[in-house]
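Engineer: The file below is start-v3.txt, compact mmCIF, N, CA and C atoms:
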```
# COMPACT_ATOMS: atom_id res chain seq x y z
N MET A 28 -12.42 -47.82 -77.34
CA MET A 28 -13.23 -47.89 -76.15
C MET A 28 -13.83 -46.50 -75.90
N GLU A 29 -15.14 -46.44 -75.79
CA GLU A 29 -15.81 -45.19 -75.49
C GLU A 29 -16.07 -45.12 -73.99
N ILE A 30 -15.75 -43.97 -73.41
CA ILE A 30 -15.98 -43.77 -71.98
C ILE A 30 -16.82 -42.51 -71.83
N ASP A 31 -18.04 -42.71 -71.36
CA ASP A 31 -18.96 -41.59 -71.16
C ASP A 31 -19.08 -41.31 -69.67
N VAL A 32 -18.55 -40.19 -69.25
CA VAL A 32 -18.59 -39.81 -67.84
C VAL A 32 -19.82 -38.93 -67.63
N ALA A 33 -20.98 -39.53 -67.77
CA ALA A 33 -22.25 -38.80 -67.81
C ALA A 33 -22.53 -38.00 -66.54
N ALA A 34 -22.13 -38.52 -65.39
CA ALA A 34 -22.41 -37.82 -64.13
C ALA A 34 -21.21 -37.04 -63.62
N GLY A 35 -20.12 -37.07 -64.35
CA GLY A 35 -18.90 -36.43 -63.86
C GLY A 35 -18.24 -37.31 -62.81
N TYR A 36 -17.10 -36.86 -62.33
CA TYR A 36 -16.40 -37.54 -61.23
C TYR A 36 -16.55 -36.65 -60.00
N LYS A 37 -17.52 -36.96 -59.17
CA LYS A 37 -17.78 -36.13 -57.99
C LYS A 37 -17.12 -36.69 -56.73
N SER A 38 -16.73 -37.95 -56.77
CA SER A 38 -16.12 -38.58 -55.59
C SER A 38 -15.05 -39.57 -56.04
N VAL A 39 -14.21 -39.94 -55.09
CA VAL A 39 -13.20 -40.97 -55.37
C VAL A 39 -13.89 -42.26 -55.78
N GLU A 40 -15.04 -42.54 -55.20
CA GLU A 40 -15.79 -43.75 -55.54
C GLU A 40 -16.25 -43.73 -57.00
N ASP A 41 -16.58 -42.55 -57.51
CA ASP A 41 -16.94 -42.45 -58.93
C ASP A 41 -15.76 -42.85 -59.81
N VAL A 42 -14.58 -42.38 -59.47
CA VAL A 42 -13.38 -42.72 -60.25
C VAL A 42 -13.09 -44.21 -60.11
N ASP A 43 -13.21 -44.73 -58.89
CA ASP A 43 -12.96 -46.16 -58.67
C ASP A 43 -13.94 -47.02 -59.48
N ALA A 44 -15.18 -46.58 -59.59
CA ALA A 44 -16.15 -47.32 -60.40
C ALA A 44 -15.72 -47.32 -61.87
N MET A 45 -15.22 -46.20 -62.35
CA MET A 45 -14.74 -46.14 -63.74
C MET A 45 -13.51 -47.02 -63.92
N ILE A 46 -12.61 -47.01 -62.95
CA ILE A 46 -11.43 -47.88 -63.03
C ILE A 46 -11.87 -49.34 -63.16
N ALA A 47 -12.85 -49.75 -62.38
CA ALA A 47 -13.34 -51.13 -62.45
C ALA A 47 -13.93 -51.43 -63.82
N MET A 48 -14.70 -50.50 -64.38
CA MET A 48 -15.29 -50.71 -65.71
C MET A 48 -14.20 -50.79 -66.78
N ILE A 49 -13.20 -49.93 -66.69
CA ILE A 49 -12.12 -49.95 -67.67
C ILE A 49 -11.35 -51.25 -67.57
N ARG A 50 -11.04 -51.67 -66.37
CA ARG A 50 -10.31 -52.94 -66.19
C ARG A 50 -11.09 -54.11 -66.76
N ALA A 51 -12.40 -54.11 -66.56
CA ALA A 51 -13.23 -55.19 -67.10
C ALA A 51 -13.16 -55.21 -68.62
N GLU A 52 -13.24 -54.05 -69.24
CA GLU A 52 -13.16 -53.97 -70.70
C GLU A 52 -11.77 -54.38 -71.19
N LEU A 53 -10.73 -53.90 -70.51
CA LEU A 53 -9.37 -54.27 -70.92
C LEU A 53 -9.14 -55.77 -70.77
N GLY A 54 -9.83 -56.39 -69.82
CA GLY A 54 -9.72 -57.83 -69.64
C GLY A 54 -10.23 -58.61 -70.84
N ARG A 55 -11.04 -57.98 -71.65
CA ARG A 55 -11.57 -58.62 -72.85
C ARG A 55 -10.64 -58.47 -74.05
N VAL A 56 -9.59 -57.67 -73.89
CA VAL A 56 -8.64 -57.40 -74.98
C VAL A 56 -7.34 -58.14 -74.66
N PRO A 57 -7.00 -59.13 -75.47
CA PRO A 57 -5.80 -59.91 -75.13
C PRO A 57 -4.51 -59.11 -75.31
N PRO A 58 -3.61 -59.16 -74.30
CA PRO A 58 -2.30 -58.54 -74.48
C PRO A 58 -1.58 -59.25 -75.62
N PRO A 59 -0.78 -58.63 -76.38
CA PRO A 59 -0.26 -57.27 -76.20
C PRO A 59 -1.08 -56.20 -76.93
N LEU A 60 -2.30 -56.54 -77.37
CA LEU A 60 -3.12 -55.54 -78.04
C LEU A 60 -3.39 -54.36 -77.11
N ARG A 61 -3.38 -53.18 -77.70
CA ARG A 61 -3.67 -51.97 -76.94
C ARG A 61 -4.95 -51.33 -77.49
N VAL A 62 -5.58 -50.52 -76.69
CA VAL A 62 -6.86 -49.93 -77.06
C VAL A 62 -6.70 -48.44 -77.38
N VAL A 63 -7.70 -47.95 -78.07
CA VAL A 63 -7.84 -46.52 -78.33
C VAL A 63 -9.05 -46.07 -77.51
N ILE A 64 -8.88 -44.98 -76.77
CA ILE A 64 -9.95 -44.49 -75.90
C ILE A 64 -10.40 -43.11 -76.33
N ALA A 65 -11.71 -42.95 -76.39
CA ALA A 65 -12.34 -41.63 -76.52
C ALA A 65 -13.20 -41.46 -75.28
N ALA A 66 -12.89 -40.45 -74.48
CA ALA A 66 -13.61 -40.23 -73.23
C ALA A 66 -14.31 -38.88 -73.26
N ASP A 67 -15.59 -38.90 -72.96
CA ASP A 67 -16.38 -37.67 -72.93
C ASP A 67 -16.50 -37.21 -71.48
N TRP A 68 -15.69 -36.21 -71.14
CA TRP A 68 -15.68 -35.66 -69.79
C TRP A 68 -16.42 -34.32 -69.75
N ARG A 69 -17.22 -34.00 -70.73
CA ARG A 69 -17.90 -32.71 -70.75
C ARG A 69 -18.77 -32.45 -69.53
N PRO A 70 -19.38 -33.46 -68.91
CA PRO A 70 -20.17 -33.18 -67.71
C PRO A 70 -19.33 -32.89 -66.46
N CYS A 71 -18.03 -33.12 -66.52
CA CYS A 71 -17.18 -32.95 -65.34
C CYS A 71 -17.02 -31.48 -64.97
N THR A 72 -16.94 -31.25 -63.67
CA THR A 72 -16.63 -29.94 -63.13
C THR A 72 -15.29 -30.05 -62.41
N VAL A 73 -14.89 -29.00 -61.72
CA VAL A 73 -13.61 -29.03 -61.01
C VAL A 73 -13.63 -30.15 -59.97
N PHE A 74 -12.55 -30.92 -59.96
CA PHE A 74 -12.43 -32.04 -59.03
C PHE A 74 -11.86 -31.58 -57.70
N THR A 75 -12.29 -32.23 -56.64
CA THR A 75 -11.63 -32.02 -55.35
C THR A 75 -10.23 -32.62 -55.44
N PRO A 76 -9.30 -32.22 -54.56
CA PRO A 76 -7.96 -32.81 -54.62
C PRO A 76 -7.94 -34.34 -54.55
N PRO A 77 -8.72 -34.99 -53.67
CA PRO A 77 -8.69 -36.46 -53.67
C PRO A 77 -9.19 -37.07 -54.99
N VAL A 78 -10.22 -36.48 -55.59
CA VAL A 78 -10.74 -36.98 -56.86
C VAL A 78 -9.70 -36.77 -57.96
N ALA A 79 -9.06 -35.61 -57.97
CA ALA A 79 -8.01 -35.34 -58.97
C ALA A 79 -6.87 -36.34 -58.84
N ASP A 80 -6.44 -36.61 -57.61
CA ASP A 80 -5.36 -37.58 -57.40
C ASP A 80 -5.75 -38.96 -57.90
N ARG A 81 -6.98 -39.36 -57.65
CA ARG A 81 -7.44 -40.68 -58.09
C ARG A 81 -7.58 -40.73 -59.61
N ALA A 82 -7.98 -39.61 -60.22
CA ALA A 82 -8.07 -39.55 -61.68
C ALA A 82 -6.69 -39.72 -62.31
N VAL A 83 -5.67 -39.11 -61.72
CA VAL A 83 -4.31 -39.30 -62.24
C VAL A 83 -3.90 -40.75 -62.11
N ALA A 84 -4.23 -41.37 -60.99
CA ALA A 84 -3.92 -42.80 -60.81
C ALA A 84 -4.62 -43.63 -61.87
N MET A 85 -5.87 -43.28 -62.19
CA MET A 85 -6.61 -44.00 -63.23
C MET A 85 -5.91 -43.85 -64.58
N LEU A 86 -5.57 -42.62 -64.93
CA LEU A 86 -4.93 -42.37 -66.22
C LEU A 86 -3.58 -43.05 -66.32
N THR A 87 -2.83 -43.04 -65.24
CA THR A 87 -1.50 -43.64 -65.22
C THR A 87 -1.58 -45.16 -65.27
N GLY A 88 -2.53 -45.71 -64.53
CA GLY A 88 -2.62 -47.16 -64.40
C GLY A 88 -2.98 -47.89 -65.68
N ILE A 89 -3.72 -47.23 -66.57
CA ILE A 89 -4.14 -47.91 -67.80
C ILE A 89 -3.21 -47.63 -68.97
N ALA A 90 -2.29 -46.69 -68.82
CA ALA A 90 -1.45 -46.25 -69.94
C ALA A 90 -0.75 -47.39 -70.69
N PRO A 91 -0.22 -48.41 -70.01
CA PRO A 91 0.46 -49.47 -70.76
C PRO A 91 -0.43 -50.22 -71.76
N ARG A 92 -1.75 -50.18 -71.55
CA ARG A 92 -2.67 -50.89 -72.43
C ARG A 92 -3.31 -49.98 -73.48
N VAL A 93 -2.88 -48.70 -73.51
CA VAL A 93 -3.51 -47.71 -74.37
C VAL A 93 -2.56 -47.26 -75.47
N GLU A 94 -3.06 -47.28 -76.69
CA GLU A 94 -2.29 -46.77 -77.82
C GLU A 94 -2.48 -45.26 -77.96
N ARG A 95 -3.72 -44.83 -77.83
CA ARG A 95 -4.05 -43.41 -77.94
C ARG A 95 -5.30 -43.16 -77.12
N SER A 96 -5.33 -42.02 -76.44
CA SER A 96 -6.46 -41.69 -75.58
C SER A 96 -6.79 -40.21 -75.74
N ALA A 97 -8.06 -39.92 -75.96
CA ALA A 97 -8.52 -38.54 -76.13
C ALA A 97 -9.63 -38.25 -75.14
N ILE A 98 -9.51 -37.13 -74.46
CA ILE A 98 -10.52 -36.69 -73.50
C ILE A 98 -11.17 -35.43 -74.06
N LEU A 99 -12.48 -35.45 -74.15
CA LEU A 99 -13.24 -34.30 -74.62
C LEU A 99 -13.82 -33.57 -73.41
N HIS A 100 -13.56 -32.27 -73.35
CA HIS A 100 -14.08 -31.44 -72.26
C HIS A 100 -14.72 -30.20 -72.87
N ARG A 101 -15.32 -29.39 -72.03
CA ARG A 101 -16.02 -28.18 -72.50
C ARG A 101 -15.12 -26.96 -72.37
N ALA A 102 -15.00 -26.21 -73.43
CA ALA A 102 -14.19 -24.99 -73.42
C ALA A 102 -14.76 -23.94 -72.47
N ASP A 103 -16.06 -23.97 -72.23
CA ASP A 103 -16.67 -22.97 -71.36
C ASP A 103 -16.54 -23.31 -69.87
N HIS A 104 -15.84 -24.37 -69.54
CA HIS A 104 -15.52 -24.72 -68.15
C HIS A 104 -14.01 -24.54 -67.97
N ALA A 105 -13.56 -23.31 -68.08
CA ALA A 105 -12.12 -23.02 -68.15
C ALA A 105 -11.32 -23.61 -66.99
N THR A 106 -11.75 -23.42 -65.78
CA THR A 106 -10.99 -23.93 -64.64
C THR A 106 -10.93 -25.45 -64.66
N SER A 107 -12.05 -26.08 -64.96
CA SER A 107 -12.09 -27.53 -65.01
C SER A 107 -11.21 -28.09 -66.13
N VAL A 108 -11.30 -27.48 -67.31
CA VAL A 108 -10.51 -27.99 -68.42
C VAL A 108 -9.01 -27.78 -68.16
N LEU A 109 -8.65 -26.69 -67.52
CA LEU A 109 -7.24 -26.50 -67.15
C LEU A 109 -6.79 -27.57 -66.16
N GLN A 110 -7.66 -27.93 -65.24
CA GLN A 110 -7.34 -29.00 -64.31
C GLN A 110 -7.13 -30.32 -65.05
N VAL A 111 -7.99 -30.61 -66.02
CA VAL A 111 -7.85 -31.85 -66.78
C VAL A 111 -6.55 -31.85 -67.59
N PHE A 112 -6.19 -30.73 -68.18
CA PHE A 112 -4.90 -30.63 -68.87
C PHE A 112 -3.76 -30.97 -67.90
N ARG A 113 -3.84 -30.45 -66.67
CA ARG A 113 -2.80 -30.73 -65.67
C ARG A 113 -2.78 -32.22 -65.32
N LEU A 114 -3.94 -32.82 -65.13
CA LEU A 114 -4.00 -34.23 -64.79
C LEU A 114 -3.40 -35.10 -65.89
N VAL A 115 -3.70 -34.75 -67.13
CA VAL A 115 -3.15 -35.49 -68.27
C VAL A 115 -1.64 -35.35 -68.30
N LYS A 116 -1.16 -34.14 -68.06
CA LYS A 116 0.30 -33.93 -68.03
C LYS A 116 0.94 -34.77 -66.93
N GLU A 117 0.29 -34.81 -65.76
CA GLU A 117 0.82 -35.59 -64.65
C GLU A 117 0.79 -37.09 -64.90
N SER A 118 -0.01 -37.54 -65.85
CA SER A 118 -0.08 -38.97 -66.15
C SER A 118 1.11 -39.43 -66.99
N HIS A 119 1.87 -38.49 -67.54
CA HIS A 119 3.11 -38.79 -68.28
C HIS A 119 2.90 -39.81 -69.40
N PHE A 120 1.86 -39.59 -70.19
CA PHE A 120 1.60 -40.47 -71.32
C PHE A 120 1.40 -39.61 -72.57
N GLU A 121 2.35 -39.67 -73.47
CA GLU A 121 2.33 -38.82 -74.67
C GLU A 121 1.19 -39.16 -75.62
N GLY A 122 0.60 -40.32 -75.46
CA GLY A 122 -0.49 -40.74 -76.34
C GLY A 122 -1.86 -40.30 -75.87
N ARG A 123 -1.90 -39.37 -74.92
CA ARG A 123 -3.19 -38.88 -74.40
C ARG A 123 -3.26 -37.37 -74.60
N ARG A 124 -4.40 -36.89 -75.10
CA ARG A 124 -4.61 -35.47 -75.31
C ARG A 124 -5.99 -35.06 -74.84
N VAL A 125 -6.11 -33.77 -74.54
CA VAL A 125 -7.40 -33.18 -74.15
C VAL A 125 -7.87 -32.29 -75.29
N PHE A 126 -9.16 -32.37 -75.59
CA PHE A 126 -9.77 -31.57 -76.65
C PHE A 126 -11.00 -30.86 -76.10
N THR A 127 -11.29 -29.70 -76.69
CA THR A 127 -12.51 -28.97 -76.33
C THR A 127 -13.45 -28.86 -77.52
N ALA A 128 -13.15 -29.58 -78.58
CA ALA A 128 -14.01 -29.63 -79.76
C ALA A 128 -13.90 -31.03 -80.35
N THR A 129 -14.99 -31.49 -80.95
CA THR A 129 -15.02 -32.87 -81.46
C THR A 129 -14.20 -33.06 -82.73
N ALA A 130 -14.19 -32.09 -83.63
CA ALA A 130 -13.51 -32.29 -84.92
C ALA A 130 -12.02 -32.59 -84.77
N PRO A 131 -11.27 -31.80 -83.98
CA PRO A 131 -9.85 -32.13 -83.82
C PRO A 131 -9.63 -33.48 -83.14
N LEU A 132 -10.51 -33.81 -82.19
CA LEU A 132 -10.41 -35.11 -81.53
C LEU A 132 -10.61 -36.22 -82.54
N GLU A 133 -11.66 -36.11 -83.35
CA GLU A 133 -11.93 -37.13 -84.37
C GLU A 133 -10.77 -37.26 -85.35
N ALA A 134 -10.19 -36.15 -85.73
CA ALA A 134 -9.06 -36.19 -86.68
C ALA A 134 -7.87 -36.91 -86.07
N TRP A 135 -7.53 -36.57 -84.83
CA TRP A 135 -6.34 -37.16 -84.20
C TRP A 135 -6.53 -38.64 -83.92
N VAL A 136 -7.64 -39.00 -83.32
CA VAL A 136 -7.89 -40.41 -83.02
C VAL A 136 -8.14 -41.18 -84.32
N GLY A 137 -8.84 -40.54 -85.26
CA GLY A 137 -9.18 -41.19 -86.52
C GLY A 137 -7.98 -41.60 -87.36
N GLU A 138 -6.82 -40.99 -87.10
CA GLU A 138 -5.62 -41.36 -87.85
C GLU A 138 -5.28 -42.84 -87.74
N ILE A 139 -5.68 -43.45 -86.64
CA ILE A 139 -5.31 -44.86 -86.42
C ILE A 139 -6.51 -45.80 -86.38
N LEU A 140 -7.69 -45.30 -86.77
CA LEU A 140 -8.89 -46.13 -86.78
C LEU A 140 -9.29 -46.51 -88.19
N GLY A 141 -9.99 -47.61 -88.30
CA GLY A 141 -10.58 -48.01 -89.58
C GLY A 141 -11.89 -47.26 -89.79
N PRO A 142 -12.48 -47.40 -90.98
CA PRO A 142 -13.71 -46.67 -91.30
C PRO A 142 -14.87 -46.92 -90.33
N GLU A 143 -15.09 -48.17 -89.95
CA GLU A 143 -16.19 -48.47 -89.02
C GLU A 143 -15.92 -47.88 -87.65
N GLU A 144 -14.67 -47.94 -87.22
CA GLU A 144 -14.31 -47.37 -85.91
C GLU A 144 -14.45 -45.85 -85.93
N ARG A 145 -14.09 -45.21 -87.05
CA ARG A 145 -14.26 -43.75 -87.16
C ARG A 145 -15.74 -43.37 -87.07
N GLN A 146 -16.60 -44.16 -87.70
CA GLN A 146 -18.04 -43.88 -87.62
C GLN A 146 -18.55 -44.06 -86.20
N ARG A 147 -18.09 -45.10 -85.54
CA ARG A 147 -18.47 -45.35 -84.15
C ARG A 147 -18.03 -44.19 -83.26
N LEU A 148 -16.82 -43.70 -83.48
CA LEU A 148 -16.32 -42.54 -82.73
C LEU A 148 -17.19 -41.32 -82.98
N HIS A 149 -17.49 -41.07 -84.23
CA HIS A 149 -18.34 -39.93 -84.60
C HIS A 149 -19.70 -40.01 -83.90
N ASP A 150 -20.32 -41.18 -83.94
CA ASP A 150 -21.63 -41.36 -83.30
C ASP A 150 -21.53 -41.14 -81.79
N PHE A 151 -20.50 -41.66 -81.17
CA PHE A 151 -20.30 -41.50 -79.73
C PHE A 151 -20.18 -40.03 -79.36
N LEU A 152 -19.39 -39.29 -80.09
CA LEU A 152 -19.16 -37.88 -79.76
C LEU A 152 -20.39 -37.02 -80.01
N ARG A 153 -21.29 -37.46 -80.88
CA ARG A 153 -22.49 -36.68 -81.18
C ARG A 153 -23.64 -36.97 -80.23
N GLN A 154 -23.55 -38.00 -79.41
CA GLN A 154 -24.67 -38.36 -78.55
C GLN A 154 -25.03 -37.28 -77.54
N ARG A 155 -24.10 -36.42 -77.20
CA ARG A 155 -24.39 -35.37 -76.23
C ARG A 155 -24.42 -33.99 -76.90
N ALA A 156 -24.20 -33.93 -78.18
CA ALA A 156 -24.11 -32.64 -78.88
C ALA A 156 -25.41 -31.88 -78.90
```
The structure given in the file should be rewritten as structure tokens.
Structural biologist:
Amino acid sequence: MEIDVAAGYKSVEDVDAMIAMIRAELGRVPPPLRVVIAADWRPCTVFTPPVADRAVAMLTGIAPRVERSAILHRADHATSVLQVFRLVKESHFEGRRVFTATAPLEAWVGEILGPEERQRLHDFLRQRA
């Protein structure tokens, strides 16, 4: 599942809209199948405390349906990326990691993808490059 956070998460409503979209997509995947997520959070800036809290709820709420989840952020947004690392840690899901470069993300997620899925991941990550 590709998640493009093109406008960032500027409000709790933005996160709630993403939660609704994720739930809709997960509804198309029959349990007990789990999904692999690649999320492009590069447009995100530092979250307000309510947005950060809701983001943790989002990450925590979907964890049972996720096999592996990777979040891509920008290394040049140090404060924001540190916040995202903290949010991921607070979600208590070992199958989720934060990356600031596409190659390591592709390698880690690609370990469990087939060739077509790896190409799809590659194309997704390059759309904003």
Engineer: Please indicate the distance in Å from atom C of Pro77 of chain A to atom N of Leu152 of chain A, rounded to one decimal place.
Structural biologist: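 Rounded to one decimal, the two atoms are 27.2 Å apart.
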Engineer: Can you build me a table of segment 77-98 of chain A residues sitting at most 6.5 Å from segment 32-44 of chain A, with the closest atom pair per residue and its distance in Å to one decimal, using all atoms listed in the file, sorted by chain and residue number, as a Markdown table?
Structural biologist:
```
| residue | atom | partner | partner_atom | distance |
| --- | --- | --- | --- | --- |
| A:Pro77 | C | A:Val39 | CA | 5.6 |
| A:Val78 | CA | A:Val39 | N | 4.9 |
| A:Arg81 | C | A:Val42 | CA | 6.2 |
| A:Ala82 | N | A:Val42 | CA | 6.2 |
```
Engineer: Return the single residue from A:Ala47, A:Leu53, A:Ala97, A:Val108 that is closest to Cys71 of chain A, with distances computed using all atoms listed in the file.
Structural biologist: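 Result for the nearest residue to Cys71 of chain A: A:Val108.
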Engineer: If you run DSSP on this backbone, which residues of chain A come out as helix (DSSP H, G or I), and could you give them as a VMD selection string?
Structural biologist: chain A and resid 39 to 53 76 to 92 105 to 117 129 to 137 142 to 153
Engineer: Do you know which residues lie at most 5 Å from (-10.7, -45.4, -76.6), with coordinates as in the file and all atoms listed in the file counted, and could you write them as a PyMOL selection string?
Structural biologist: chain A and resi 28-29+63-65
Engineer: Find the residues around segment 126-137 of chain A up to 10 Å (only C-alpha atoms counted), leave out those fewer than 6 positions away in its own chain, and share them as a PyMOL selection string.
Structural biologist: chain A and resi 63-65+67-69+94-104+108+112+144-146+148-149+152-153+156
Engineer: Using atom CA of Leu114 of chain A and atom CA of Val83 of chain A as the two end points, give the distance in Å to one decimal.
Structural biologist: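 Those two atoms sit 5.7 Å apart.
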